[in-house]
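Beneath this line is the structure, given in structure tokens, with notes to follow.
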Amino acid sequence: MLRVVRGTPDDAELAALTAVLAAAGGSKPTGEPKQRRSRWADRAALLRRPLHPGPGAWRASGMPR
């Protein structure tokens, strides 16, 4: 809703202001939405994640229990 605080705009000025505000706010993009790739086709899953060894990890990796 619009409210004129100062001045006396005519109908054409109010219509122009309403059209500008309607065009400027909250419109959806016209392009197609980006489709998500399947987890099976995700090439990033093939990359190795970084290792975070804890205390005593080197000793535990070479000695069988």
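Chain lettering (A, B, ...) mirrors the order of the structure tokens, residue numbering begins at 1 for each chain separately, and ligand numbering begins at 1 in order of display.
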### Query
Which parts of chain A does DSSP call helix (DSSP H, G or I) when run on the backbone here, written out as an NGL selection string?
:A and (11-24 or 43-46 or 57-62)
### Task
Please measure the separation of atom CA of Ala45 of chain A and atom CA of Pro33 of chain A, giving the value in Å to one decimal.
23.3 Å
### Query
Which residues come within 12 Å of Val4 of chain A, counting only C-alpha atoms, excluding same-chain residues fewer than 6 positions away, as a count of residues only?
5
### Message
Using Å and a single decimal, report how far atom CA of Arg59 of chain A sits from atom CA of Leu47 of chain A.
### Response
26.3 Å
